[in-house]
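Colleague: Quick one: this structure, given as structure tokens, is what I'll be asking you about.
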Amino acid sequence: MSDYNWCHNPDCHRIETQSRIRGTGDNKVLRTRKIKVYNPEIPHIYDFFCNQNCLHSFLNQFSREVANIRPVKQPSETPIKIEKEKYESYRYKWTDNGSERVPYMATRTTIKNNS
Ligand SMILES: [Zn+2]
């Protein structure tokens, strides 16, 4: 048995494409796109939206409601360890006849995984 959803963008049926045309003779309509759900066990955003344009159109229209599904009142933090290392790099100094490479000691900061 295969599952289908209708695209959740409220304006999907207003977008003028060949793929949305349905009906016979003079009774033609633009219809919301039908989406085949290949694996209902693994939820995927594109099970509910026919493409990126419809997804973002929906998100822009309902951004407040979407944010309220899981409100964020303060920032989260992930503990990390960092490693700083010095290495020789170059910068270019402009001169009258072009440029010249000037060496200097640069610092690289690397985030070390805690696991
Ligand atoms: Zn759509």
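Chain labels run A, B, ... following the order of the structure tokens; each chain numbers its residues from 1, and ligands are numbered from 1 in the order shown.
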Going by DSSP on the backbone, which bits of chain A are helix (DSSP H, G or I)? Write them as a list of chain:residue names, please.
Modeller: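 Put together, the selection reads A:Cys12, A:His13, A:Arg14, A:Gln18, A:Ser19, A:Arg20, A:Ile45, A:Tyr46, A:Asp47, A:Gln52, A:Asn53, A:Cys54, A:Leu55, A:His56, A:Ser57, A:Phe58, A:Leu59, A:Asn60, A:Gln61, A:Ser63, A:Arg64, A:Glu65, A:Val66, A:Ala67, A:Asn68, A:Ile69.
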Colleague: Go ahead and dump the residues you just picked, C-alpha atoms, as a PDB file, in the first residue's frame.
Modeller:
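File part.pdb, as written:
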ATOM      1  CA  CYS A  12       0.494  25.306  -4.100  1.00  0.00           C
ATOM      2  CA  HIS A  13      -2.615  25.262  -6.346  1.00  0.00           C
ATOM      3  CA  ARG A  14      -1.986  28.869  -7.448  1.00  0.00           C
ATOM      4  CA  GLN A  18       1.916  21.994 -16.357  1.00  0.00           C
ATOM      5  CA  SER A  19       2.149  19.433 -13.530  1.00  0.00           C
ATOM      6  CA  ARG A  20      -0.739  21.067 -11.624  1.00  0.00           C
ATOM      7  CA  ILE A  45       9.953  17.221   5.302  1.00  0.00           C
ATOM      8  CA  TYR A  46       9.436  16.541   1.590  1.00  0.00           C
ATOM      9  CA  ASP A  47       6.691  14.062   2.468  1.00  0.00           C
ATOM     10  CA  GLN A  52      11.644  23.835  -1.755  1.00  0.00           C
ATOM     11  CA  ASN A  53       9.555  26.732  -3.022  1.00  0.00           C
ATOM     12  CA  CYS A  54       6.363  25.372  -1.402  1.00  0.00           C
ATOM     13  CA  LEU A  55       8.237  24.502   1.830  1.00  0.00           C
ATOM     14  CA  HIS A  56       9.689  28.020   2.180  1.00  0.00           C
ATOM     15  CA  SER A  57       6.438  29.684   1.191  1.00  0.00           C
ATOM     16  CA  PHE A  58       4.728  27.738   4.027  1.00  0.00           C
ATOM     17  CA  LEU A  59       7.553  28.518   6.515  1.00  0.00           C
ATOM     18  CA  ASN A  60       7.389  32.244   5.705  1.00  0.00           C
ATOM     19  CA  GLN A  61       3.610  32.312   6.062  1.00  0.00           C
ATOM     20  CA  SER A  63       7.006  31.215  10.821  1.00  0.00           C
ATOM     21  CA  ARG A  64       5.553  32.302  14.198  1.00  0.00           C
ATOM     22  CA  GLU A  65       3.511  29.109  14.583  1.00  0.00           C
ATOM     23  CA  VAL A  66       6.505  26.971  13.558  1.00  0.00           C
ATOM     24  CA  ALA A  67       8.776  28.745  16.107  1.00  0.00           C
ATOM     25  CA  ASN A  68       6.120  28.234  18.818  1.00  0.00           C
ATOM     26  CA  ILE A  69       6.187  24.440  18.330  1.00  0.00           C
TER      27      ILE A  69
END
Colleague: Show which residues sit within 6 Å of range 108-112 of chain A, as a PyMOL selection string. Count only C-alpha atoms, and ignore same-chain residues fewer than 6 positions away.
Modeller: chain A and resi 81-85
Colleague: Pick the closest to His44 in chain A from A:Ser76, A:Asn5, A:Thr32, A:Asn27: which is it, counting only C-alpha atoms?
Modeller: A:Asn5
Colleague: With 6 Å as the cut-off and only C-alpha atoms and all ligand atoms counted, what is the closest atom pair between each nearby residue of chain A and ligand 1? Distances in Å to one decimal, ordered by chain and number, as CSV.
Modeller:
residue,atom,partner,partner_atom_place_in_ligand_line,distance
A:Cys7,CA,ligand 1,1 (Zn),4.6
A:Asn9,CA,ligand 1,1 (Zn),5.5
A:Cys12,CA,ligand 1,1 (Zn),4.2
A:Arg33,CA,ligand 1,1 (Zn),5.6
A:Phe49,CA,ligand 1,1 (Zn),5.4
A:Cys50,CA,ligand 1,1 (Zn),4.3
A:Cys54,CA,ligand 1,1 (Zn),4.6
Colleague: Figure out the distance between CA of Glu16 in chain A and CA of Tyr4 in chain A, please, to one decimal in Å.
Modeller: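 We find that CA of Tyr4 in chain A and CA of Glu16 in chain A lie 21.8 Å from each other.
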Colleague: Please identify the strand (DSSP E or B) residues within range 26-111 of chain A (assignment by DSSP from backbone atoms) and present them as a VMD selection string.
Modeller: chain A and resid 29 to 30 34 to 37 81 to 95 98 to 111
